[in-house]
>>> print(open('structure_30.cif').read())   # mmCIF, C-alpha atoms and all ligand atoms
data_input
loop_
_atom_site.label_atom_id
_atom_site.label_comp_id
_atom_site.auth_asym_id
_atom_site.auth_seq_id
_atom_site.Cartn_x
_atom_site.Cartn_y
_atom_site.Cartn_z
CA MET K 1 55.50 -42.08 -58.57
CA ARG K 2 56.65 -44.14 -55.58
CA LEU K 3 54.10 -44.32 -52.78
CA ILE K 4 53.60 -46.14 -49.48
CA LEU K 5 50.23 -46.52 -47.75
CA ILE K 6 50.31 -47.01 -43.97
CA GLY K 7 47.20 -47.66 -41.93
CA PRO K 8 45.54 -50.22 -39.68
CA PRO K 9 43.66 -53.14 -41.22
CA GLY K 10 40.42 -51.84 -42.67
CA ALA K 11 41.69 -48.31 -43.29
CA GLY K 12 40.96 -48.83 -46.98
CA LYS K 13 44.54 -49.26 -48.21
CA GLY K 14 43.49 -51.77 -50.86
CA VAL K 15 40.71 -49.56 -52.23
CA GLN K 16 42.92 -46.45 -52.38
CA ALA K 17 45.73 -48.55 -53.87
CA ASP K 18 43.36 -49.52 -56.66
CA PHE K 19 42.52 -45.87 -57.45
CA LEU K 20 46.10 -44.61 -57.16
CA THR K 21 47.78 -47.36 -59.18
CA LYS K 22 45.33 -46.72 -62.04
CA LYS K 23 45.88 -42.96 -61.83
CA PHE K 24 49.69 -43.20 -61.89
CA ASN K 25 49.95 -46.42 -63.92
CA ILE K 26 52.18 -48.10 -61.35
CA PRO K 27 52.11 -51.65 -59.93
CA HIS K 28 50.18 -52.36 -56.73
CA ILE K 29 52.53 -54.26 -54.42
CA SER K 30 50.52 -55.75 -51.56
CA THR K 31 52.55 -58.12 -49.37
CA GLY K 32 49.21 -59.40 -47.94
CA ASP K 33 47.98 -60.35 -51.46
CA MET K 34 51.35 -61.95 -52.24
CA LEU K 35 51.17 -64.02 -49.05
CA ARG K 36 47.53 -65.03 -49.66
CA SER K 37 48.50 -66.24 -53.10
CA GLU K 38 51.26 -68.40 -51.54
CA VAL K 39 48.73 -69.75 -49.01
CA LYS K 40 46.29 -70.59 -51.83
CA SER K 41 49.00 -72.41 -53.78
CA GLU K 42 49.97 -74.30 -50.59
CA THR K 43 53.68 -73.52 -51.01
CA GLU K 44 56.08 -74.00 -48.08
CA LEU K 45 56.18 -70.22 -47.67
CA GLY K 46 52.38 -70.09 -47.73
CA LYS K 47 52.02 -72.83 -45.10
CA MET K 48 54.48 -71.06 -42.81
CA ALA K 49 52.91 -67.62 -43.37
CA LYS K 50 49.40 -68.91 -42.67
CA THR K 51 50.33 -69.78 -39.07
CA TYR K 52 51.07 -66.09 -38.46
CA MET K 53 48.28 -64.63 -40.60
CA ASP K 54 45.52 -66.68 -38.98
CA GLY K 55 46.49 -65.28 -35.57
CA GLY K 56 46.75 -61.70 -36.85
CA LYS K 57 50.53 -61.69 -36.23
CA LEU K 58 53.21 -60.34 -38.55
CA VAL K 59 55.09 -62.76 -40.79
CA PRO K 60 58.84 -62.57 -39.90
CA ASP K 61 60.73 -59.59 -41.37
CA ASP K 62 63.35 -61.66 -43.26
CA VAL K 63 60.63 -63.53 -45.20
CA ILE K 64 58.85 -60.30 -46.16
CA ILE K 65 62.03 -58.46 -47.09
CA ALA K 66 63.18 -61.30 -49.39
CA MET K 67 59.75 -61.34 -51.06
CA VAL K 68 59.80 -57.56 -51.65
CA ALA K 69 63.42 -57.58 -52.88
CA ASN K 70 62.40 -60.10 -55.57
CA ARG K 71 59.31 -58.11 -56.49
CA LEU K 72 61.29 -54.89 -56.91
CA LYS K 73 63.55 -56.61 -59.45
CA GLN K 74 60.61 -57.11 -61.84
CA ASP K 75 60.47 -54.74 -64.80
CA ASP K 76 57.08 -53.22 -63.97
CA ALA K 77 58.45 -51.82 -60.68
CA LYS K 78 61.31 -49.94 -62.35
CA ASN K 79 59.34 -46.73 -63.00
CA GLY K 80 57.27 -46.57 -59.84
CA PHE K 81 55.19 -48.58 -57.40
CA LEU K 82 52.68 -48.38 -54.60
CA PHE K 83 53.30 -50.43 -51.45
CA ASP K 84 50.17 -51.49 -49.57
CA GLY K 85 50.83 -53.19 -46.22
CA PHE K 86 54.62 -52.86 -46.49
CA PRO K 87 56.68 -51.79 -44.62
CA ARG K 88 55.03 -52.78 -41.35
CA THR K 89 58.04 -52.59 -39.00
CA VAL K 90 60.93 -50.14 -38.64
CA LEU K 91 63.34 -52.89 -39.71
CA GLN K 92 61.36 -53.42 -42.94
CA ALA K 93 61.44 -49.65 -43.57
CA GLU K 94 65.21 -49.51 -43.04
CA LYS K 95 65.74 -52.45 -45.40
CA LEU K 96 63.46 -50.81 -47.98
CA ASN K 97 65.52 -47.61 -47.76
CA ALA K 98 68.67 -49.65 -48.42
CA MET K 99 67.06 -51.44 -51.41
CA LEU K 100 65.88 -48.14 -52.91
CA ALA K 101 69.29 -46.52 -52.34
CA ASP K 102 70.86 -49.40 -54.32
CA LEU K 103 68.39 -48.71 -57.13
CA LYS K 104 69.15 -44.96 -56.82
CA VAL K 105 65.48 -44.04 -56.36
CA THR K 106 63.46 -42.51 -53.50
CA VAL K 107 59.90 -42.64 -52.20
CA ASN K 108 57.76 -39.57 -53.12
CA ALA K 109 55.28 -39.78 -50.23
CA VAL K 110 53.95 -41.93 -47.40
CA VAL K 111 50.21 -41.71 -46.73
CA ASN K 112 49.05 -42.24 -43.14
CA MET K 113 45.46 -43.49 -43.37
CA GLU K 114 43.77 -42.51 -40.09
CA ILE K 115 40.67 -44.30 -38.77
CA SER K 116 39.30 -45.19 -35.31
CA ASP K 117 39.40 -48.75 -33.93
CA GLU K 118 35.58 -48.81 -33.75
CA SER K 119 35.29 -47.97 -37.46
CA VAL K 120 37.88 -50.65 -38.32
CA ILE K 121 35.94 -53.37 -36.50
CA ARG K 122 32.64 -52.30 -38.08
CA ARG K 123 34.17 -52.13 -41.54
CA LEU K 124 36.12 -55.40 -41.43
CA CYS K 125 33.21 -57.48 -40.16
CA ALA K 126 31.33 -56.30 -43.29
CA ARG K 127 34.29 -56.67 -45.70
CA ARG K 128 34.20 -59.27 -48.46
CA VAL K 129 36.99 -59.94 -50.95
CA CYS K 130 37.31 -61.64 -54.29
CA PRO K 131 39.71 -64.60 -53.93
CA LYS K 132 40.41 -64.50 -57.68
CA CYS K 133 41.14 -60.83 -58.52
CA ASN K 134 41.50 -59.36 -54.96
CA SER K 135 38.71 -56.78 -55.44
CA ILE K 136 37.29 -55.46 -52.18
CA TYR K 137 33.63 -55.02 -51.18
CA ASN K 138 31.63 -54.07 -48.09
CA VAL K 139 28.18 -55.58 -47.58
CA LEU K 140 26.99 -52.28 -46.04
CA THR K 141 28.71 -49.52 -47.99
CA MET K 142 30.36 -50.95 -51.15
CA LYS K 143 28.10 -53.80 -52.27
CA PRO K 144 28.74 -55.73 -55.48
CA LYS K 145 26.09 -55.21 -58.18
CA LYS K 146 24.97 -58.83 -57.84
CA GLU K 147 24.90 -60.16 -54.27
CA GLY K 148 27.89 -62.39 -53.45
CA ILE K 149 29.49 -62.03 -56.91
CA CYS K 150 32.58 -60.01 -57.88
CA ASP K 151 31.71 -57.19 -60.32
CA LYS K 152 35.08 -57.47 -62.05
CA CYS K 153 35.61 -61.19 -62.59
CA GLY K 154 32.37 -62.97 -61.63
CA ALA K 155 33.91 -65.14 -58.86
CA ALA K 156 32.05 -65.73 -55.57
CA ILE K 157 33.27 -63.22 -52.98
CA ILE K 158 34.29 -64.44 -49.51
CA GLN K 159 35.12 -63.22 -46.00
CA ARG K 160 38.85 -63.34 -45.22
CA ASP K 161 39.87 -65.86 -42.52
CA ASP K 162 41.48 -63.04 -40.53
CA ASP K 163 38.45 -60.69 -40.69
CA ARG K 164 36.99 -62.15 -37.48
CA GLU K 165 36.53 -59.89 -34.48
CA ASP K 166 39.08 -61.69 -32.23
CA VAL K 167 41.74 -61.69 -34.97
CA ILE K 168 40.94 -58.06 -35.91
CA LYS K 169 41.67 -57.01 -32.31
CA ASN K 170 45.08 -58.74 -32.48
CA ARG K 171 45.83 -57.07 -35.82
CA LEU K 172 44.98 -53.68 -34.31
CA SER K 173 47.33 -54.18 -31.37
CA VAL K 174 50.09 -55.42 -33.70
CA PHE K 175 49.55 -52.23 -35.75
CA ARG K 176 49.80 -50.03 -32.64
CA GLU K 177 52.94 -51.72 -31.33
CA GLN K 178 54.92 -52.59 -34.46
CA THR K 179 53.70 -50.39 -37.33
CA LYS K 180 52.85 -47.05 -35.66
CA PRO K 181 56.55 -46.29 -34.95
CA LEU K 182 56.88 -45.99 -38.74
CA LEU K 183 54.86 -42.77 -38.60
CA GLU K 184 57.68 -41.07 -36.72
CA PHE K 185 60.27 -42.70 -39.01
CA TYR K 186 58.64 -41.24 -42.13
CA THR K 187 57.77 -37.89 -40.48
CA LYS K 188 61.47 -37.43 -39.73
CA ALA K 189 62.19 -38.26 -43.38
CA GLY K 190 59.76 -35.45 -44.37
CA LEU K 191 57.60 -37.85 -46.41
CA LEU K 192 54.46 -38.39 -44.33
CA PHE K 193 51.01 -36.83 -44.62
CA SER K 194 47.76 -37.97 -43.00
CA VAL K 195 44.28 -38.39 -44.47
CA ASN K 196 40.87 -39.13 -42.95
CA SER K 197 40.13 -42.75 -43.91
CA GLY K 198 37.05 -43.22 -41.76
CA ARG K 199 34.56 -41.93 -44.33
CA ASP K 200 32.16 -44.32 -46.04
CA ASP K 201 32.86 -42.66 -49.40
CA ALA K 202 36.31 -43.84 -50.49
CA GLN K 203 36.28 -41.34 -53.36
CA GLU K 204 36.49 -38.43 -50.89
CA THR K 205 39.58 -39.93 -49.27
CA TYR K 206 41.09 -40.44 -52.73
CA LEU K 207 40.56 -36.74 -53.54
CA GLU K 208 42.18 -35.76 -50.24
CA ILE K 209 45.23 -37.89 -51.11
CA LEU K 210 45.54 -36.34 -54.58
CA GLN K 211 45.22 -32.86 -53.09
CA LYS K 212 47.98 -33.58 -50.55
CA LEU K 213 50.18 -35.01 -53.31
CA ASN K 214 49.57 -31.73 -55.21
CA VAL K 215 48.14 -33.70 -58.13
CA SER K 216 44.79 -33.00 -59.79
P1 LIG N 1 47.06 -57.40 -45.20
O1 LIG N 1 46.34 -57.99 -46.36
O2 LIG N 1 48.03 -56.32 -45.58
O3 LIG N 1 46.12 -56.98 -44.09
O4 LIG N 1 47.96 -58.57 -44.59
C1 LIG N 1 47.39 -59.77 -44.09
C2 LIG N 1 48.39 -60.47 -43.18
O5 LIG N 1 49.57 -60.81 -43.92
C3 LIG N 1 48.89 -59.64 -42.00
O6 LIG N 1 48.01 -59.68 -40.89
C4 LIG N 1 50.23 -60.33 -41.71
O7 LIG N 1 50.04 -61.56 -41.04
C5 LIG N 1 50.74 -60.64 -43.12
N1 LIG N 1 51.53 -59.52 -43.68
C6 LIG N 1 51.22 -58.75 -44.77
N2 LIG N 1 52.17 -57.83 -45.00
C7 LIG N 1 53.10 -58.00 -44.04
C8 LIG N 1 54.31 -57.33 -43.72
N3 LIG N 1 54.77 -56.27 -44.43
N4 LIG N 1 55.03 -57.78 -42.65
C9 LIG N 1 54.60 -58.83 -41.92
N5 LIG N 1 53.46 -59.51 -42.15
C10 LIG N 1 52.70 -59.09 -43.21
#
>>> encode(input="structure_30.cif", output="structure tokens")
Amino acid sequence: MRLILIGPPGAGKGVQADFLTKKFNIPHISTGDMLRSEVKSETELGKMAKTYMDGGKLVPDDVIIAMVANRLKQDDAKNGFLFDGFPRTVLQAEKLNAMLADLKVTVNAVVNMEISDESVIRRLCARRVCPKCNSIYNVLTMKPKKEGICDKCGAAIIQRDDDREDVIKNRLSVFREQTKPLLEFYTKAGLLFSVNSGRDDAQETYLEILQKLNVS
């Protein structure tokens, strides 16, 4: 299975990615997680990327494309993958098509995760993440069992630097201007379907995705 999740920040891409990668036994490729790991390790790439990420802007296409090209060469991506947060521009999508054509494989489906701006802002202000294992929580709707502690690995959960209201607004306008054109790109390719991602119960959205993939 080769899947792409498209949606604004806070649509729940990470949570659905978690469900879907377990279901299909495929690697979860999140360019945001890859970049945050570079930032944490204070690499040159991480330092450069942070200047964009902190302002809610996109990291330049050439950097992202090189990172994804390397990731796709790893063995675990040979039999399938799920992209979360990539591609985010038409150029990235075109380059991905070229990479997949070289590998003689195609994407099965692109999921458009729909949610209103108001819900995104409400959700992201309440989002907490685990800096160690990247698990995602919400202090209102998806609380960890023990307050402030990751259920999966026991690390202290934190608020992301870019989950502040001013940065969220920038990320939403970047999504509208640079990522939304991808919806037409993948509709023309006959790959896109949309799901309601504004529900509090992520499980319902997951079932809608499976139904639209014709998988039980
Ligand atoms: P995410 O975790 O997907 O919300 O990504 C966090 C931040 O990383 C974004 O706001 C961008 O600054 C950067 N980023 C992640 N993926 C991409 C991408 N495909 N293209 C450009 N920038 C990206």
>>> axis_aligned_box(input="structure_30.cif", around="segment 8-22 of chain K", padding_each_side="4 Å", output="JSON")
{"center_x": 44.1, "center_y": -48.9, "center_z": -50.9, "size_x": 15.4, "size_y": 16.5, "size_z": 30.4}
>>> closest_atom_pairs(input="structure_30.cif", of="chain K", to="ligand LIG 1 (chain N)", cutoff="10 Å", atoms="all atoms listed in the file", output="CSV")
residue,atom,partner,partner_atom,distance
K:Ile6,CA,N:LIG1,O2,9.7
K:Gly7,CA,N:LIG1,O2,9.4
K:Pro8,CA,N:LIG1,O3,8.1
K:Pro9,CA,N:LIG1,O3,5.4
K:Gly10,CA,N:LIG1,O3,7.8
K:Ala11,CA,N:LIG1,O3,9.8
K:Lys13,CA,N:LIG1,O2,8.3
K:Gly14,CA,N:LIG1,O1,8.2
K:Ser30,CA,N:LIG1,O2,6.5
K:Thr31,CA,N:LIG1,N2,4.4
K:Gly32,CA,N:LIG1,O1,3.6
K:Asp33,CA,N:LIG1,O1,5.9
K:Met34,CA,N:LIG1,C6,8.1
K:Leu35,CA,N:LIG1,O5,6.3
K:Arg36,CA,N:LIG1,O5,7.4
K:Ala49,CA,N:LIG1,O7,7.1
K:Lys50,CA,N:LIG1,O7,7.6
K:Thr51,CA,N:LIG1,O7,8.5
K:Tyr52,CA,N:LIG1,O7,5.3
K:Met53,CA,N:LIG1,O7,3.6
K:Asp54,CA,N:LIG1,O7,7.1
K:Gly55,CA,N:LIG1,O7,7.5
K:Gly56,CA,N:LIG1,O6,4.7
K:Lys57,CA,N:LIG1,O7,4.8
K:Leu58,CA,N:LIG1,N5,3.7
K:Val59,CA,N:LIG1,N5,3.9
K:Pro60,CA,N:LIG1,C9,6.0
K:Asp61,CA,N:LIG1,N4,6.1
K:Asp62,CA,N:LIG1,N4,9.2
K:Val63,CA,N:LIG1,C9,8.3
K:Ile64,CA,N:LIG1,N4,5.8
K:Ile65,CA,N:LIG1,N3,8.0
K:Met67,CA,N:LIG1,N3,9.7
K:Val68,CA,N:LIG1,N3,8.9
K:Phe83,CA,N:LIG1,N3,9.2
K:Asp84,CA,N:LIG1,O2,6.6
K:Gly85,CA,N:LIG1,O2,4.2
K:Phe86,CA,N:LIG1,N3,4.0
K:Pro87,CA,N:LIG1,N3,4.9
K:Arg88,CA,N:LIG1,N3,4.7
K:Thr89,CA,N:LIG1,N4,7.0
K:Gln92,CA,N:LIG1,N3,7.3
K:Ala93,CA,N:LIG1,N3,9.4
K:Asn134,CA,N:LIG1,O1,10.0
K:Arg160,CA,N:LIG1,O1,9.3
K:Asp161,CA,N:LIG1,C1,9.8
K:Asp162,CA,N:LIG1,O6,7.4
K:Asp163,CA,N:LIG1,O3,9.2
K:Val167,CA,N:LIG1,O6,8.9
K:Ile168,CA,N:LIG1,O6,8.8
K:Asn170,CA,N:LIG1,O6,9.0
K:Arg171,CA,N:LIG1,O6,6.1
K:Leu172,CA,N:LIG1,O6,9.4
K:Val174,CA,N:LIG1,O6,8.6
K:Phe175,CA,N:LIG1,O6,9.2
K:Gln178,CA,N:LIG1,N4,9.7
K:Thr179,CA,N:LIG1,N4,9.2
>>> atom_distance(input="structure_30.cif", atom1="atom CA of Met1 of chain K", atom2="atom CA of Val105 of chain K")
10.4 Å
>>> closest_residue(input="structure_30.cif", among="K:His28, K:Arg71, K:Lys180, K:Lys146", to="Ile4 of chain K", atoms="only C-alpha atoms")
K:His28
>>> closest_residue(input="structure_30.cif", among="K:Lys78, K:Lys104, K:Lys40, K:Lys22", to="Lys132 of chain K", atoms="all atoms listed in the file")
K:Lys40
>>> atom_distance(input="structure_30.cif", atom1="atom CA of Tyr186 of chain K", atom2="atom CA of Ala109 of chain K")
8.9 Å
>>> closest_residue(input="structure_30.cif", among="K:Asn70, K:Ser135, K:Phe19, K:Arg199", to="Asp151 of chain K", atoms="only C-alpha atoms")
K:Ser135
>>> atom_distance(input="structure_30.cif", atom1="atom CA of Leu20 of chain K", atom2="atom CA of Leu5 of chain K")
10.5 Å
>>> residues_around(input="structure_30.cif", residues="Cys133 of chain K", least_positions_apart="2", cutoff="8 Å", atoms="all atoms listed in the file", output="ChimeraX atom specification")
/K:130-131,135,152-153
>>> residues_near_point(input="structure_30.cif", point="(51.4, -47.4, -61.6)", cutoff="9 Å", atoms="all atoms listed in the file", output="ChimeraX atom specification")
/K:1-2,20-28,76-77,79-82
>>> closest_residue(input="structure_30.cif", among="K:Leu213, K:Leu45, K:Ala202, K:Val111", to="Tyr137 of chain K", atoms="only C-alpha atoms")
K:Ala202
>>> residues_around(input="structure_30.cif", residues="Leu140 of chain K", least_positions_apart="5", cutoff="9 Å", atoms="all atoms listed in the file", output="mmCIF file with C-alpha atoms, in the frame of the given file")
data_model
loop_
_atom_site.group_PDB
_atom_site.id
_atom_site.type_symbol
_atom_site.label_atom_id
_atom_site.label_comp_id
_atom_site.auth_asym_id
_atom_site.auth_seq_id
_atom_site.Cartn_x
_atom_site.Cartn_y
_atom_site.Cartn_z
ATOM 1 C CA ARG K 123 34.170 -52.130 -41.540
ATOM 2 C CA ALA K 126 31.330 -56.300 -43.290
ATOM 3 C CA ARG K 127 34.290 -56.670 -45.700
#
>>> residues_around(input="structure_30.cif", residues="Asp102 of chain K", least_positions_apart="6", cutoff="12 Å", atoms="all atoms listed in the file", output="list in words")
Ala69, Leu72, Lys73, Lys95 and Leu96 of chain K
>>> residues_near_point(input="structure_30.cif", point="(43.9, -46.5, -34.3)", cutoff="8 Å", atoms="all atoms listed in the file", output="ChimeraX atom specification")
/K:8,114-117,172,176
>>> residues_around(input="structure_30.cif", residues="Tyr206 of chain K", least_positions_apart="2", cutoff="10 Å", atoms="only C-alpha atoms", output="ChimeraX atom specification")
/K:15-17,19-20,195-197,201-204,208-212
>>> decode(input="structure_30.cif", residues="segment 186-198 of chain K", atoms="N, CA, C and O atoms", output="CSV table (one decimal), in the first residue's frame")
chain,number,residue,atom,x,y,z
K,186,TYR,N,-3.9,15.9,-7.6
K,186,TYR,CA,-4.2,14.5,-7.4
K,186,TYR,C,-5.6,14.1,-7.8
K,186,TYR,O,-5.9,12.9,-8.0
K,187,THR,N,-6.5,15.1,-7.9
K,187,THR,CA,-7.8,14.8,-8.4
K,187,THR,C,-7.7,14.4,-9.9
K,187,THR,O,-8.3,13.4,-10.4
K,188,LYS,N,-6.9,15.2,-10.6
K,188,LYS,CA,-6.7,14.9,-12.0
K,188,LYS,C,-6.0,13.6,-12.2
K,188,LYS,O,-6.3,12.9,-13.2
K,189,ALA,N,-5.2,13.2,-11.3
K,189,ALA,CA,-4.6,11.8,-11.4
K,189,ALA,C,-5.5,10.7,-11.0
K,189,ALA,O,-5.1,9.5,-11.0
K,190,GLY,N,-6.7,11.1,-10.5
K,190,GLY,CA,-7.7,10.1,-10.1
K,190,GLY,C,-7.4,9.4,-8.8
K,190,GLY,O,-7.9,8.2,-8.6
K,191,LEU,N,-6.6,10.0,-8.0
K,191,LEU,CA,-6.2,9.3,-6.7
K,191,LEU,C,-6.8,9.9,-5.5
K,191,LEU,O,-6.7,9.2,-4.4
K,192,LEU,N,-7.4,11.0,-5.5
K,192,LEU,CA,-7.8,11.7,-4.3
K,192,LEU,C,-9.2,11.3,-3.8
K,192,LEU,O,-10.2,11.2,-4.6
K,193,PHE,N,-9.4,11.1,-2.5
K,193,PHE,CA,-10.7,11.2,-1.9
K,193,PHE,C,-10.6,12.0,-0.6
K,193,PHE,O,-9.5,12.1,0.0
K,194,SER,N,-11.8,12.5,-0.1
K,194,SER,CA,-11.8,13.4,1.0
K,194,SER,C,-12.5,12.7,2.2
K,194,SER,O,-13.4,11.9,2.0
K,195,VAL,N,-12.0,13.0,3.4
K,195,VAL,CA,-12.7,12.5,4.6
K,195,VAL,C,-12.9,13.7,5.6
K,195,VAL,O,-12.1,14.7,5.6
K,196,ASN,N,-13.9,13.5,6.5
K,196,ASN,CA,-14.1,14.5,7.5
K,196,ASN,C,-13.2,14.3,8.7
K,196,ASN,O,-13.3,13.3,9.4
K,197,SER,N,-12.2,15.3,8.8
K,197,SER,CA,-11.2,15.1,9.9
K,197,SER,C,-11.5,16.0,11.1
K,197,SER,O,-10.6,16.1,11.9
K,198,GLY,N,-12.7,16.6,11.1
K,198,GLY,CA,-12.9,17.6,12.2
K,198,GLY,C,-13.6,16.9,13.4
K,198,GLY,O,-13.8,17.6,14.4
